[in-house]
Structures are given as structure tokens and as C-alpha cells.
>>> print(open('target-v3.pdb').read())   # PDB, C-alpha atoms
ATOM      1  CA  GLU A   1      -3.023  26.080  16.433  1.00  0.00           C
ATOM      2  CA  LYS A   2       0.674  25.282  16.891  1.00  0.00           C
ATOM      3  CA  ILE A   3       0.313  22.128  14.775  1.00  0.00           C
ATOM      4  CA  ARG A   4      -1.376  24.095  12.003  1.00  0.00           C
ATOM      5  CA  ASP A   5       1.294  26.800  12.261  1.00  0.00           C
ATOM      6  CA  GLU A   6       3.964  24.168  11.625  1.00  0.00           C
ATOM      7  CA  LYS A   7       2.043  22.745   8.672  1.00  0.00           C
ATOM      8  CA  VAL A   8       1.977  26.201   7.092  1.00  0.00           C
ATOM      9  CA  ARG A   9       5.705  26.650   7.742  1.00  0.00           C
ATOM     10  CA  VAL A  10       6.396  23.429   5.858  1.00  0.00           C
ATOM     11  CA  ILE A  11       4.420  24.284   2.728  1.00  0.00           C
ATOM     12  CA  GLU A  12       5.760  27.835   2.739  1.00  0.00           C
ATOM     13  CA  ALA A  13       9.189  26.230   2.322  1.00  0.00           C
ATOM     14  CA  MET A  14       7.992  24.340  -0.774  1.00  0.00           C
ATOM     15  CA  PRO A  15       8.666  26.055  -4.138  1.00  0.00           C
ATOM     16  CA  PRO A  16       5.995  25.952  -6.869  1.00  0.00           C
ATOM     17  CA  VAL A  17       5.969  22.727  -8.887  1.00  0.00           C
ATOM     18  CA  THR A  18       7.280  22.919 -12.472  1.00  0.00           C
ATOM     19  CA  LEU A  19       6.224  20.814 -15.449  1.00  0.00           C
ATOM     20  CA  ASP A  20       9.422  18.727 -15.476  1.00  0.00           C
ATOM     21  CA  GLU A  21       8.539  17.561 -11.964  1.00  0.00           C
ATOM     22  CA  VAL A  22       5.195  16.093 -13.056  1.00  0.00           C
ATOM     23  CA  PHE A  23       4.359  12.732 -14.676  1.00  0.00           C
ATOM     24  CA  LEU A  24       0.778  12.295 -15.870  1.00  0.00           C
ATOM     25  CA  GLY A  25      -1.253   9.266 -16.907  1.00  0.00           C
ATOM     26  CA  GLN A  26      -4.746   8.454 -18.130  1.00  0.00           C
ATOM     27  CA  TYR A  27      -6.335   5.013 -18.018  1.00  0.00           C
ATOM     28  CA  GLU A  28      -7.259   3.322 -21.274  1.00  0.00           C
ATOM     29  CA  GLY A  29     -10.882   3.942 -22.193  1.00  0.00           C
ATOM     30  CA  TYR A  30     -11.316   7.075 -20.056  1.00  0.00           C
ATOM     31  CA  THR A  31     -12.782   9.050 -22.941  1.00  0.00           C
ATOM     32  CA  ASP A  32     -15.187   6.195 -23.818  1.00  0.00           C
ATOM     33  CA  ASP A  33     -17.355   7.308 -20.919  1.00  0.00           C
ATOM     34  CA  GLU A  34     -20.472   8.947 -22.374  1.00  0.00           C
ATOM     35  CA  THR A  35     -20.239  11.745 -19.810  1.00  0.00           C
ATOM     36  CA  ILE A  36     -16.850  12.804 -21.259  1.00  0.00           C
ATOM     37  CA  THR A  37     -17.811  15.143 -24.093  1.00  0.00           C
ATOM     38  CA  ASN A  38     -14.225  15.993 -25.104  1.00  0.00           C
ATOM     39  CA  LYS A  39     -12.945  12.748 -26.613  1.00  0.00           C
ATOM     40  CA  ASP A  40      -9.459  14.263 -26.928  1.00  0.00           C
ATOM     41  CA  SER A  41      -9.347  15.158 -23.236  1.00  0.00           C
ATOM     42  CA  ASN A  42      -5.932  15.321 -21.597  1.00  0.00           C
ATOM     43  CA  CYS A  43      -7.469  15.081 -18.108  1.00  0.00           C
ATOM     44  CA  PRO A  44      -5.074  12.992 -15.997  1.00  0.00           C
ATOM     45  CA  THR A  45      -6.307  10.063 -13.924  1.00  0.00           C
ATOM     46  CA  TYR A  46      -2.800   9.330 -12.610  1.00  0.00           C
ATOM     47  CA  ALA A  47      -0.075  11.657 -11.409  1.00  0.00           C
ATOM     48  CA  LEU A  48       3.409  11.586  -9.927  1.00  0.00           C
ATOM     49  CA  VAL A  49       4.687  14.901  -8.558  1.00  0.00           C
ATOM     50  CA  ARG A  50       8.123  15.613  -7.164  1.00  0.00           C
ATOM     51  CA  CYS A  51       8.383  18.285  -4.485  1.00  0.00           C
ATOM     52  CA  PHE A  52      11.094  19.668  -2.230  1.00  0.00           C
ATOM     53  CA  ILE A  53      10.972  21.296   1.188  1.00  0.00           C
ATOM     54  CA  ASN A  54      13.674  23.936   1.408  1.00  0.00           C
ATOM     55  CA  ASN A  55      14.366  23.958   5.127  1.00  0.00           C
ATOM     56  CA  PRO A  56      17.374  22.672   7.106  1.00  0.00           C
ATOM     57  CA  ARG A  57      15.753  19.330   7.960  1.00  0.00           C
ATOM     58  CA  TRP A  58      14.520  18.304   4.503  1.00  0.00           C
ATOM     59  CA  ALA A  59      16.772  20.220   2.097  1.00  0.00           C
ATOM     60  CA  GLY A  60      17.657  18.106  -0.939  1.00  0.00           C
ATOM     61  CA  VAL A  61      15.274  15.249  -0.050  1.00  0.00           C
ATOM     62  CA  PRO A  62      12.893  14.522  -2.960  1.00  0.00           C
ATOM     63  CA  ILE A  63       9.269  13.915  -1.976  1.00  0.00           C
ATOM     64  CA  ILE A  64       7.072  12.066  -4.459  1.00  0.00           C
ATOM     65  CA  PHE A  65       3.281  12.339  -4.389  1.00  0.00           C
ATOM     66  CA  LYS A  66       1.479   9.567  -6.265  1.00  0.00           C
ATOM     67  CA  ALA A  67      -2.239   9.206  -6.940  1.00  0.00           C
ATOM     68  CA  GLY A  68      -4.326   7.416  -9.512  1.00  0.00           C
ATOM     69  CA  LYS A  69      -7.657   5.899 -10.508  1.00  0.00           C
ATOM     70  CA  ALA A  70      -8.490   2.454 -11.925  1.00  0.00           C
ATOM     71  CA  LEU A  71      -5.320   0.946 -10.489  1.00  0.00           C
ATOM     72  CA  ASN A  72      -4.700  -2.584  -9.242  1.00  0.00           C
ATOM     73  CA  GLU A  73      -5.374  -1.699  -5.609  1.00  0.00           C
ATOM     74  CA  ARG A  74      -6.855   1.023  -3.422  1.00  0.00           C
ATOM     75  CA  LYS A  75      -4.622   2.322  -0.660  1.00  0.00           C
ATOM     76  CA  ALA A  76      -3.235   5.431   1.003  1.00  0.00           C
ATOM     77  CA  GLU A  77       0.236   5.197   2.475  1.00  0.00           C
ATOM     78  CA  MET A  78       3.455   7.046   3.169  1.00  0.00           C
ATOM     79  CA  ARG A  79       6.865   5.452   2.755  1.00  0.00           C
ATOM     80  CA  VAL A  80      10.406   6.567   3.530  1.00  0.00           C
ATOM     81  CA  GLN A  81      13.175   4.742   1.680  1.00  0.00           C
ATOM     82  CA  PHE A  82      16.667   4.856   3.158  1.00  0.00           C
ATOM     83  CA  LYS A  83      19.870   4.979   1.138  1.00  0.00           C
ATOM     84  CA  ASP A  84      21.856   1.846   0.315  1.00  0.00           C
ATOM     85  CA  ALA A  85      23.780   0.428   3.257  1.00  0.00           C
ATOM     86  CA  PRO A  86      27.504   1.125   2.708  1.00  0.00           C
ATOM     87  CA  ALA A  87      29.386  -1.868   1.250  1.00  0.00           C
ATOM     88  CA  ALA A  88      26.388  -4.170   1.724  1.00  0.00           C
ATOM     89  CA  GLY A  89      26.796  -5.639  -1.749  1.00  0.00           C
ATOM     90  CA  SER A  90      30.458  -6.433  -1.130  1.00  0.00           C
ATOM     91  CA  LEU A  91      29.706  -7.968   2.245  1.00  0.00           C
ATOM     92  CA  PHE A  92      27.001 -10.357   1.026  1.00  0.00           C
ATOM     93  CA  GLY A  93      28.037 -10.731  -2.611  1.00  0.00           C
ATOM     94  CA  VAL A  94      24.510  -9.942  -3.843  1.00  0.00           C
ATOM     95  CA  HIS A  95      22.312  -6.891  -4.219  1.00  0.00           C
ATOM     96  CA  VAL A  96      20.848  -5.826  -0.863  1.00  0.00           C
ATOM     97  CA  PRO A  97      17.461  -4.040  -1.054  1.00  0.00           C
ATOM     98  CA  ARG A  98      17.036  -0.734   0.728  1.00  0.00           C
ATOM     99  CA  ASN A  99      15.277  -0.479   4.064  1.00  0.00           C
ATOM    100  CA  GLU A 100      11.955   1.331   4.190  1.00  0.00           C
ATOM    101  CA  ILE A 101       9.462   2.591   6.743  1.00  0.00           C
ATOM    102  CA  VAL A 102       5.864   2.312   5.515  1.00  0.00           C
ATOM    103  CA  VAL A 103       2.833   3.896   7.183  1.00  0.00           C
ATOM    104  CA  LYS A 104      -0.444   2.577   5.747  1.00  0.00           C
ATOM    105  CA  LEU A 105      -3.450   4.840   6.355  1.00  0.00           C
ATOM    106  CA  GLN A 106      -5.989   2.883   4.302  1.00  0.00           C
ATOM    107  CA  PRO A 107      -7.496   0.349   4.025  1.00  0.00           C
ATOM    108  CA  GLU A 108      -5.889  -1.094   7.197  1.00  0.00           C
ATOM    109  CA  GLU A 109      -3.883   1.170   9.487  1.00  0.00           C
ATOM    110  CA  THR A 110      -0.437  -0.430   9.686  1.00  0.00           C
ATOM    111  CA  ILE A 111       3.138   0.602  10.365  1.00  0.00           C
ATOM    112  CA  TYR A 112       5.940  -1.640   9.199  1.00  0.00           C
ATOM    113  CA  MET A 113       9.654  -1.464   8.488  1.00  0.00           C
ATOM    114  CA  LYS A 114      11.071  -3.362   5.544  1.00  0.00           C
ATOM    115  CA  SER A 115      14.501  -4.639   6.507  1.00  0.00           C
ATOM    116  CA  ASN A 116      16.866  -7.402   5.440  1.00  0.00           C
ATOM    117  CA  ILE A 117      17.308 -10.670   7.313  1.00  0.00           C
ATOM    118  CA  LYS A 118      19.154 -13.902   6.601  1.00  0.00           C
ATOM    119  CA  THR A 119      17.239 -16.215   4.271  1.00  0.00           C
ATOM    120  CA  PRO A 120      15.760 -19.048   6.371  1.00  0.00           C
ATOM    121  CA  GLY A 121      17.552 -22.337   5.927  1.00  0.00           C
ATOM    122  CA  PHE A 122      21.128 -22.936   4.786  1.00  0.00           C
ATOM    123  CA  SER A 123      21.426 -19.883   2.546  1.00  0.00           C
ATOM    124  CA  SER A 124      23.182 -16.811   3.949  1.00  0.00           C
ATOM    125  CA  ALA A 125      21.806 -14.425   1.329  1.00  0.00           C
ATOM    126  CA  PRO A 126      19.769 -11.488   2.674  1.00  0.00           C
ATOM    127  CA  ILE A 127      16.031 -11.395   2.043  1.00  0.00           C
ATOM    128  CA  GLN A 128      13.673  -8.509   2.726  1.00  0.00           C
ATOM    129  CA  SER A 129      11.050  -8.930   5.427  1.00  0.00           C
ATOM    130  CA  GLU A 130       9.114  -6.608   7.722  1.00  0.00           C
ATOM    131  CA  LEU A 131       8.640  -5.654  11.341  1.00  0.00           C
ATOM    132  CA  GLU A 132       4.958  -4.832  11.573  1.00  0.00           C
ATOM    133  CA  VAL A 133       2.312  -3.342  13.831  1.00  0.00           C
ATOM    134  CA  LYS A 134      -1.240  -3.619  12.512  1.00  0.00           C
ATOM    135  CA  TYR A 135      -3.682  -1.497  14.497  1.00  0.00           C
ATOM    136  CA  ASP A 136      -6.720  -3.750  14.127  1.00  0.00           C
ATOM    137  CA  THR A 137      -5.012  -6.857  15.504  1.00  0.00           C
ATOM    138  CA  ARG A 138      -2.690  -5.109  17.975  1.00  0.00           C
ATOM    139  CA  TYR A 139      -5.112  -2.697  19.621  1.00  0.00           C
ATOM    140  CA  PHE A 140      -8.616  -3.734  18.570  1.00  0.00           C
ATOM    141  CA  GLY A 141      -8.458  -7.519  18.657  1.00  0.00           C
ATOM    142  CA  ASP A 142     -10.951  -7.896  21.493  1.00  0.00           C
ATOM    143  CA  GLU A 143     -14.512  -8.776  20.613  1.00  0.00           C
ATOM    144  CA  GLY A 144     -16.636  -5.692  20.157  1.00  0.00           C
ATOM    145  CA  ALA A 145     -13.656  -3.299  19.873  1.00  0.00           C
ATOM    146  CA  SER A 146     -13.026  -1.520  16.575  1.00  0.00           C
ATOM    147  CA  ASN A 147     -10.887   1.289  15.237  1.00  0.00           C
ATOM    148  CA  PRO A 148     -13.178   4.252  14.401  1.00  0.00           C
ATOM    149  CA  ASP A 149     -12.913   5.483  10.821  1.00  0.00           C
ATOM    150  CA  ALA A 150     -11.325   8.806   9.912  1.00  0.00           C
ATOM    151  CA  TYR A 151     -14.587  10.729   9.523  1.00  0.00           C
ATOM    152  CA  SER A 152     -15.842   9.569  12.909  1.00  0.00           C
ATOM    153  CA  ARG A 153     -12.674  10.919  14.508  1.00  0.00           C
ATOM    154  CA  LEU A 154     -13.023  14.207  12.619  1.00  0.00           C
ATOM    155  CA  ILE A 155     -16.606  14.660  13.789  1.00  0.00           C
ATOM    156  CA  LEU A 156     -15.457  13.980  17.350  1.00  0.00           C
ATOM    157  CA  ASP A 157     -12.717  16.606  16.931  1.00  0.00           C
ATOM    158  CA  VAL A 158     -15.394  19.101  15.877  1.00  0.00           C
ATOM    159  CA  LEU A 159     -17.455  18.353  18.969  1.00  0.00           C
ATOM    160  CA  ARG A 160     -14.365  18.720  21.160  1.00  0.00           C
ATOM    161  CA  GLY A 161     -13.278  21.948  19.464  1.00  0.00           C
ATOM    162  CA  ARG A 162      -9.977  20.516  18.222  1.00  0.00           C
ATOM    163  CA  SER A 163      -8.812  22.101  14.980  1.00  0.00           C
ATOM    164  CA  ALA A 164      -5.418  20.438  14.406  1.00  0.00           C
ATOM    165  CA  SER A 165      -6.745  17.984  11.794  1.00  0.00           C
ATOM    166  CA  PHE A 166      -8.405  20.669   9.663  1.00  0.00           C
ATOM    167  CA  VAL A 167      -6.913  22.855   6.937  1.00  0.00           C
ATOM    168  CA  ARG A 168      -6.580  26.530   7.777  1.00  0.00           C
ATOM    169  CA  SER A 169      -7.197  29.175   5.101  1.00  0.00           C
ATOM    170  CA  ASP A 170      -3.561  30.286   4.812  1.00  0.00           C
ATOM    171  CA  GLU A 171      -2.492  26.650   4.371  1.00  0.00           C
ATOM    172  CA  LEU A 172      -5.052  26.162   1.613  1.00  0.00           C
ATOM    173  CA  ILE A 173      -4.031  29.358  -0.198  1.00  0.00           C
ATOM    174  CA  ARG A 174      -0.346  28.421  -0.096  1.00  0.00           C
ATOM    175  CA  ALA A 175      -1.109  24.911  -1.378  1.00  0.00           C
ATOM    176  CA  TRP A 176      -2.855  26.353  -4.423  1.00  0.00           C
ATOM    177  CA  GLU A 177       0.089  28.696  -5.004  1.00  0.00           C
ATOM    178  CA  ILE A 178       2.364  25.661  -5.240  1.00  0.00           C
ATOM    179  CA  PHE A 179       0.270  23.737  -7.772  1.00  0.00           C
ATOM    180  CA  THR A 180      -1.827  26.273  -9.703  1.00  0.00           C
ATOM    181  CA  PRO A 181       0.950  27.443 -12.120  1.00  0.00           C
ATOM    182  CA  VAL A 182       1.709  23.917 -13.353  1.00  0.00           C
ATOM    183  CA  LEU A 183      -1.991  23.021 -13.581  1.00  0.00           C
ATOM    184  CA  GLN A 184      -2.563  26.068 -15.771  1.00  0.00           C
ATOM    185  CA  GLN A 185       0.450  25.166 -17.928  1.00  0.00           C
ATOM    186  CA  ILE A 186      -0.811  21.600 -18.431  1.00  0.00           C
ATOM    187  CA  GLU A 187      -4.149  22.950 -19.596  1.00  0.00           C
ATOM    188  CA  ARG A 188      -2.658  25.738 -21.728  1.00  0.00           C
ATOM    189  CA  GLU A 189      -0.096  23.530 -23.511  1.00  0.00           C
ATOM    190  CA  ASN A 190      -2.412  20.504 -23.742  1.00  0.00           C
ATOM    191  CA  VAL A 191       0.174  18.207 -22.139  1.00  0.00           C
ATOM    192  CA  ARG A 192      -0.646  14.617 -23.074  1.00  0.00           C
ATOM    193  CA  PRO A 193      -0.797  11.943 -20.362  1.00  0.00           C
ATOM    194  CA  HIS A 194       0.707   8.444 -20.607  1.00  0.00           C
ATOM    195  CA  ILE A 195      -1.935   5.788 -21.286  1.00  0.00           C
ATOM    196  CA  TYR A 196      -2.158   2.812 -18.910  1.00  0.00           C
ATOM    197  CA  LYS A 197      -4.367  -0.253 -18.618  1.00  0.00           C
ATOM    198  CA  VAL A 198      -7.203  -0.476 -16.098  1.00  0.00           C
ATOM    199  CA  GLY A 199      -6.178  -2.642 -13.139  1.00  0.00           C
ATOM    200  CA  SER A 200      -2.444  -2.068 -13.620  1.00  0.00           C
ATOM    201  CA  ARG A 201       0.017  -0.244 -11.369  1.00  0.00           C
ATOM    202  CA  GLY A 202      -0.115   2.732 -13.716  1.00  0.00           C
ATOM    203  CA  PRO A 203       1.880   3.785 -16.804  1.00  0.00           C
ATOM    204  CA  GLU A 204       4.827   1.533 -17.606  1.00  0.00           C
ATOM    205  CA  ALA A 205       7.265   4.454 -17.572  1.00  0.00           C
ATOM    206  CA  ALA A 206       6.208   5.642 -14.105  1.00  0.00           C
ATOM    207  CA  ASP A 207       8.730   3.588 -12.105  1.00  0.00           C
ATOM    208  CA  ALA A 208      11.641   4.734 -14.283  1.00  0.00           C
ATOM    209  CA  TRP A 209      10.530   8.376 -13.933  1.00  0.00           C
ATOM    210  CA  SER A 210      10.268   8.027 -10.158  1.00  0.00           C
ATOM    211  CA  ASN A 211      13.733   6.464  -9.984  1.00  0.00           C
ATOM    212  CA  GLU A 212      15.220   9.220 -12.131  1.00  0.00           C
ATOM    213  CA  LYS A 213      13.613  12.041 -10.194  1.00  0.00           C
ATOM    214  CA  SER A 214      13.959  10.722  -6.654  1.00  0.00           C
ATOM    215  CA  GLY A 215      16.334   7.756  -6.668  1.00  0.00           C
ATOM    216  CA  TYR A 216      13.553   5.490  -5.351  1.00  0.00           C
ATOM    217  CA  VAL A 217      14.251   1.837  -6.160  1.00  0.00           C
ATOM    218  CA  ARG A 218      11.354  -0.624  -6.152  1.00  0.00           C
ATOM    219  CA  ASN A 219      12.203  -4.136  -5.017  1.00  0.00           C
ATOM    220  CA  ASP A 220      10.165  -6.344  -7.378  1.00  0.00           C
ATOM    221  CA  ALA A 221      11.203  -9.483  -5.479  1.00  0.00           C
ATOM    222  CA  TYR A 222       9.654  -8.320  -2.203  1.00  0.00           C
ATOM    223  CA  VAL A 223       6.453 -10.048  -1.074  1.00  0.00           C
ATOM    224  CA  TYR A 224       4.243  -8.478   1.594  1.00  0.00           C
ATOM    225  CA  HIS A 225       2.561 -11.527   3.119  1.00  0.00           C
ATOM    226  CA  ASP A 226       0.242  -9.697   5.549  1.00  0.00           C
ATOM    227  CA  GLY A 227       0.085 -12.914   7.559  1.00  0.00           C
ATOM    228  CA  VAL A 228      -0.716 -15.011   4.470  1.00  0.00           C
ATOM    229  CA  VAL A 229       1.796 -17.541   3.139  1.00  0.00           C
ATOM    230  CA  GLY A 230       2.320 -17.291  -0.601  1.00  0.00           C
ATOM    231  CA  ALA A 231       1.078 -13.723  -1.042  1.00  0.00           C
ATOM    232  CA  LYS A 232       1.638 -12.000  -4.366  1.00  0.00           C
ATOM    233  CA  PRO A 233       4.606  -9.647  -4.934  1.00  0.00           C
ATOM    234  CA  GLY A 234       3.941  -6.018  -4.112  1.00  0.00           C
ATOM    235  CA  MET A 235       5.604  -2.852  -2.882  1.00  0.00           C
TER     236      MET A 235
END
>>> encode(input="target-v3.pdb", output="C-alpha cells")
Amino acid sequence: EKIRDEKVRVIEAMPPVTLDEVFLGQYEGYTDDETITNKDSNCPTYALVRCFINNPRWAGVPIIFKAGKALNERKAEMRVQFKDAPAAGSLFGVHVPRNEIVVKLQPEETIYMKSNIKTPGFSSAPIQSELEVKYDTRYFGDEGASNPDAYSRLILDVLRGRSASFVRSDELIRAWEIFTPVLQQIERENVRPHIYKVGSRGPEAADAWSNEKSGYVRNDAYVYHDGVVGAKPGM
């Protein structure tokens, strides 16, 4: 119960979301589905939401929630981006990307830190790489061993009487108090979503909105190899 008490304390410190802290999108062709009777529907299939936690530890730190359908990849992750290293640009003479900690929950449980190292070879320019721990290869590499999926662990928690992973009623009520006003406003004012192509990263204006609202800077030059040489650029 102590874990769930702390979860409630966190969301109680979150003020209700306002419309200017929301960016909505809808994938191209959404209303072509025959099950969608309202062909002028403003139902979002993509959303960015900025939140704050007004407590001593997190005061002033913007938190961005991002979710979408029909995107270029399926994943669930959490990332923390650090501020620019002081005078890094002057020291190296080039732009130095920010460090990040990334926790991937799906599809492969992974924790990695994006940091800057010297470019291999004769160049002294910094290049972003990662320090990584992948659960499947680090802890379940033996034949016959596997990492149980999330629902299997939840069912086991039920059998063991452990409630920490489940939402308590007061947590659920407070969560709706944070988001219900803006959801009602979107419906009442018929707020129009940004259209984006199926299989893309989302609306083209999403990155600029995220940067404006949170200061997050995406490093387009970064390539997450995942053990594969020549992987495609990503986050």
C-alpha cells in the first residue's frame, strides 16, 4: 500500500491539464473506416500532453506524454533528457547532443543511456552512442529461460496478494480529475487534430511543439544500432 500511497501523492500534485498543453493528431484516412459514422470526427489518434508535478523534487520539470496509432513503430518507453553540458560546444567546436536515459518497456525490455564519445578513428568530434542493458540477452540468454510478459506477472501478483502494480480507486478518480476538463473542452469546442500519414512518426509539427513546450531536442543524427551495424536513424 505504501507504493500506491506514493503514486497518489504524485498525481495529487499534478494540476489539471489545459488545452494549450495538448497537441492532437489524426491519421490520414481515419474517417474512411466504414465503422466511423461521423465523417467529420475530431477523434484524436495521436496526442502529446504536457504535465507538471508541483512538488519539491519535480517542480518546473515538464513531463510529456506521447501516444499514437498507425505510427512507424510500436513501443512503450520512458526517457529523461538532461540539459546541455556547460560549454560543451566551445570545448569541441561542434554541437554536442544531450545525454538521455531511456527505459524501454515494450517490445524488448531495455535500459540504455545515450552519451557522447569520441568518434572512432582520427576525428575528435563527439558522437552519440549508448551504454545498454537488454533484459533478454543479459538475464534470459540461457536456453529455455524467458522473461515472462507483463500480464503473466500481474496474474502472479494477484495469486500472491500483491497490490502495488494495480490502480487504486482514489488514484483513478484523481487521474480523471486531471484530464476530464480538457477532454470535455476538446469535444465541446470541436478542436481539430493535425493530420498525419500512416506509418510516419506523427504530425510534422509535433517535434516543434514538444521542443517549445518542454525544451526536448531530438537528435536526428543518432542511430540506435541494437547490435546491428547500419541500423536506421531513430530516437
>>> closest_residue(input="target-v3.pdb", among="A:Arg4, A:Lys69, A:Thr137, A:Ser165", to="Glu28 (chain A)", atoms="all atoms listed in the file")
A:Lys69
>>> closest_residue(input="target-v3.pdb", among="A:Thr119, A:Thr110, A:Ser152, A:Gln128", to="Val96 (chain A)", atoms="all atoms listed in the file")
A:Gln128
>>> resolve_selection(input="target-v3.pdb", expression="the PyMOL selection byres ((chain A and resi 29) around 12)", output="list in words")
Gln26, Tyr27, Glu28, Tyr30, Thr31, Asp32, Asp33, Glu34, Ile36, Lys39, Asp40, Ser41, Thr45, Ala70, Ile195, Tyr196, Lys197 and Val198 of chain A
>>> closest_residue(input="target-v3.pdb", among="A:Asn38, A:Arg201, A:Cys51, A:Val10", to="Phe179 (chain A)", atoms="only C-alpha atoms")
A:Cys51
>>> atom_distance(input="target-v3.pdb", atom1="CA of Pro126 (chain A)", atom2="CA of Val103 (chain A)")
23.3 Å
>>> residues_around(input="target-v3.pdb", residues="Tyr216 (chain A)", least_positions_apart="3", cutoff="10 Å", atoms="all atoms listed in the file", output="ChimeraX atom specification")
/A:62,64,80-83,98,207-213,219
>>> closest_atom_pairs(input="target-v3.pdb", of="region 159-212 of chain A", to="region 19-25 of chain A", cutoff="10 Å", atoms="all atoms listed in the file", output="CSV")
residue,atom,partner,partner_atom,distance
A:Pro181,CA,A:Leu19,CA,9.1
A:Val182,CA,A:Leu19,CA,5.9
A:Leu183,CA,A:Leu19,CA,8.7
A:Gln185,CA,A:Leu19,CA,7.6
A:Ile186,CA,A:Leu19,CA,7.7
A:Val191,CA,A:Leu24,CA,8.6
A:Arg192,CA,A:Leu24,CA,7.7
A:Pro193,CA,A:Gly25,CA,4.4
A:His194,CA,A:Gly25,CA,4.3
A:Ile195,CA,A:Gly25,CA,5.6
A:Tyr196,CA,A:Gly25,CA,6.8
A:Gly202,CA,A:Gly25,CA,7.4
A:Pro203,CA,A:Gly25,CA,6.3
A:Glu204,CA,A:Gly25,CA,9.9
A:Ala205,CA,A:Phe23,CA,9.2
A:Ala206,CA,A:Phe23,CA,7.3
A:Trp209,CA,A:Phe23,CA,7.6
A:Ser210,CA,A:Phe23,CA,8.8
>>> atom_distance(input="target-v3.pdb", atom1="CA of Ile127 (chain A)", atom2="CA of Val102 (chain A)")
17.4 Å
>>> atom_distance(input="target-v3.pdb", atom1="CA of Arg79 (chain A)", atom2="CA of Ser115 (chain A)")
13.2 Å
